[in-house]
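Reproduced below: run13.tsv, with TSV, C-alpha atoms.
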```tsv
chain	number	residue	atom	x	y	z
A	1	MET	CA	3.60	0.99	-30.26
A	2	ARG	CA	3.76	3.90	-27.82
A	3	PHE	CA	7.08	5.08	-26.47
A	4	GLY	CA	8.01	7.80	-24.05
A	5	SER	CA	11.24	8.82	-22.38
A	6	GLU	CA	9.54	11.16	-19.92
A	7	ASN	CA	10.52	11.25	-16.27
A	8	ARG	CA	8.69	8.74	-14.10
A	9	LEU	CA	7.61	8.38	-10.49
A	10	PHE	CA	6.36	4.90	-9.68
A	11	LEU	CA	4.04	4.19	-6.78
A	12	ILE	CA	4.30	0.55	-5.66
A	13	LEU	CA	1.50	-0.63	-3.37
A	14	VAL	CA	1.81	-3.79	-1.28
A	15	ASP	CA	-0.79	-5.22	1.09
A	16	THR	CA	1.11	-7.74	3.20
A	17	ASP	CA	-2.13	-9.25	4.51
A	18	ASP	CA	-3.59	-9.93	1.04
A	19	PHE	CA	-1.06	-9.48	-1.78
A	20	ASN	CA	-3.66	-10.11	-4.50
A	21	ASN	CA	-5.66	-7.12	-3.34
A	22	SER	CA	-2.74	-4.69	-3.20
A	23	TRP	CA	-4.28	-2.74	-6.08
A	24	LYS	CA	-7.12	-1.69	-3.77
A	25	LEU	CA	-4.69	0.41	-1.73
A	26	LYS	CA	-4.85	3.09	-4.44
A	27	ARG	CA	-8.13	4.19	-2.86
A	28	ASN	CA	-6.71	4.39	0.67
A	29	ILE	CA	-5.91	8.09	0.92
A	30	ASN	CA	-5.06	7.78	4.63
A	31	LEU	CA	-2.27	5.36	3.73
A	32	LEU	CA	-1.04	7.07	0.54
A	33	LYS	CA	-1.00	10.69	1.67
A	34	PRO	CA	1.68	10.38	4.39
A	35	ALA	CA	3.97	8.37	2.09
A	36	ILE	CA	3.65	10.87	-0.75
A	37	ILE	CA	4.05	13.90	1.51
A	38	SER	CA	7.12	12.34	3.11
A	39	TYR	CA	8.63	11.71	-0.33
A	40	LEU	CA	7.99	15.31	-1.41
A	41	ASP	CA	9.29	16.77	1.87
A	42	ASN	CA	12.55	14.82	1.53
A	43	PHE	CA	12.99	15.30	-2.21
A	44	LYS	CA	15.40	18.23	-1.79
A	45	GLY	CA	17.95	15.82	-0.33
A	46	LYS	CA	17.98	13.62	-3.42
A	47	LYS	CA	20.69	13.94	-6.05
A	48	THR	CA	19.28	14.00	-9.58
A	49	GLU	CA	22.23	11.95	-10.83
A	50	ASP	CA	21.03	9.13	-8.54
A	51	LEU	CA	17.64	9.23	-10.26
A	52	ASN	CA	19.02	9.23	-13.82
A	53	ILE	CA	18.48	6.12	-15.92
A	54	SER	CA	19.78	5.61	-19.41
A	55	PHE	CA	18.29	3.07	-21.81
A	56	GLU	CA	17.88	1.99	-25.41
A	57	PHE	CA	14.58	1.23	-27.11
A	58	ASN	CA	14.15	-1.25	-29.95
A	59	GLY	CA	13.72	0.51	-33.25
A	60	ARG	CA	15.37	3.74	-32.04
A	61	SER	CA	18.91	4.64	-32.95
A	62	HIS	CA	20.11	6.47	-29.83
A	63	ARG	CA	20.18	6.17	-26.04
A	64	PHE	CA	17.51	7.87	-23.98
A	65	SER	CA	17.73	9.18	-20.44
A	66	ALA	CA	15.10	10.08	-17.89
A	67	LEU	CA	14.72	10.62	-14.18
A	68	ALA	CA	12.90	7.88	-12.29
A	69	ASP	CA	12.11	7.09	-8.69
A	70	ILE	CA	9.86	4.76	-6.68
A	71	ILE	CA	7.64	5.26	-3.64
A	72	PHE	CA	6.86	2.00	-1.86
A	73	VAL	CA	3.69	1.96	0.22
A	74	VAL	CA	3.41	-1.18	2.34
A	75	LYS	CA	0.42	-1.92	4.50
```

Go through the file and emit its structure as structure tokens.
Amino acid sequence: MRFGSENRLFLILVDTDDFNNSWKLKRNINLLKPAIISYLDNFKGKKTEDLNISFEFNGRSHRFSALADIIFVVK
């Protein structure tokens, strides 16, 4: 089983017209680019302690921590 406690940035894509085809938005650069650029432009204002998550993993003896955040792109 693979495990990683690396930092994560999740990109959640939602097509409100056709939820089942939300995955197709990953090819829509015109929709993704502004959302990603906006996230990066405003990243300086984020506090890293707000992005910190701490968790345990089965089979491991100590707690792990990582930075994680989410970008929601809704069409």

query = If we count all atoms listed in the file, what is near A:Asn7 at a cut-off of 6 Å, once residues fewer than 2 positions away on the same chain are taken out, given as a ChimeraX atom specification?
reply = /A:66-68

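In terms of minimum interatomic distance to A:Lys46, A:Asp69 ranks closest within A:Asp69, A:Ser5, A:Phe10, A:Val74, counting all atoms listed in the file.
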
Test item: residues at most 10 Å from A:Ile12, all atoms listed in the file, excluding those fewer than 2 positions along its chain, as a short mmCIF file (atom, residue, chain, number, x, y, z; two decimals) with C-alpha atoms, keeping the file's coordinate frame:
```
data_model
loop_
_atom_site.label_atom_id
_atom_site.label_comp_id
_atom_site.auth_asym_id
_atom_site.auth_seq_id
_atom_site.Cartn_x
_atom_site.Cartn_y
_atom_site.Cartn_z
CA LEU A 9 7.61 8.38 -10.49
CA PHE A 10 6.36 4.90 -9.68
CA VAL A 14 1.81 -3.79 -1.28
CA SER A 22 -2.74 -4.69 -3.20
CA TRP A 23 -4.28 -2.74 -6.08
CA LEU A 25 -4.69 0.41 -1.73
CA LYS A 26 -4.85 3.09 -4.44
CA ILE A 70 9.86 4.76 -6.68
CA ILE A 71 7.64 5.26 -3.64
CA PHE A 72 6.86 2.00 -1.86
CA VAL A 73 3.69 1.96 0.22
CA VAL A 74 3.41 -1.18 2.34
#
```

inquiry  = Report, in Å with one decimal, the straight-line distance from atom CA of A:Lys47 to atom CA of A:Ser65.
reply    = 15.4 Å

task = Could you tell me how far atom CA of A:Asp15 lies from atom CA of A:Tyr39, in Å and to one decimal?
result = 19.4 Å

key: Atomic separation - atom CA of A:Thr16 relative to atom CA of A:Lys75, Å   = 6.0 Å

Closest of A:Ile36, A:Asn30, A:Lys24, A:Arg60 to A:Leu11 - atom-to-atom distances counting all atoms listed in the file =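 Smallest separation from A:Leu11 among the options: A:Ile36.
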
request  = Tell me which of A:Asp41, A:Thr48, A:Lys33, A:Phe64 sits closest to A:Phe3, counting only C-alpha atoms.
outcome  = A:Phe64

Padding of 3 Å on every side, edges along x, y and z, all listed atoms of stretch 18-34 of chain A included: what centre and edge lengths in Å, to one decimal, does that box have, as AutoDock Vina command-line options?
```
--center_x -3.2 --center_y 0.3 --center_z -0.7 --size_x 15.8 --size_y 26.8 --size_z 16.7
```
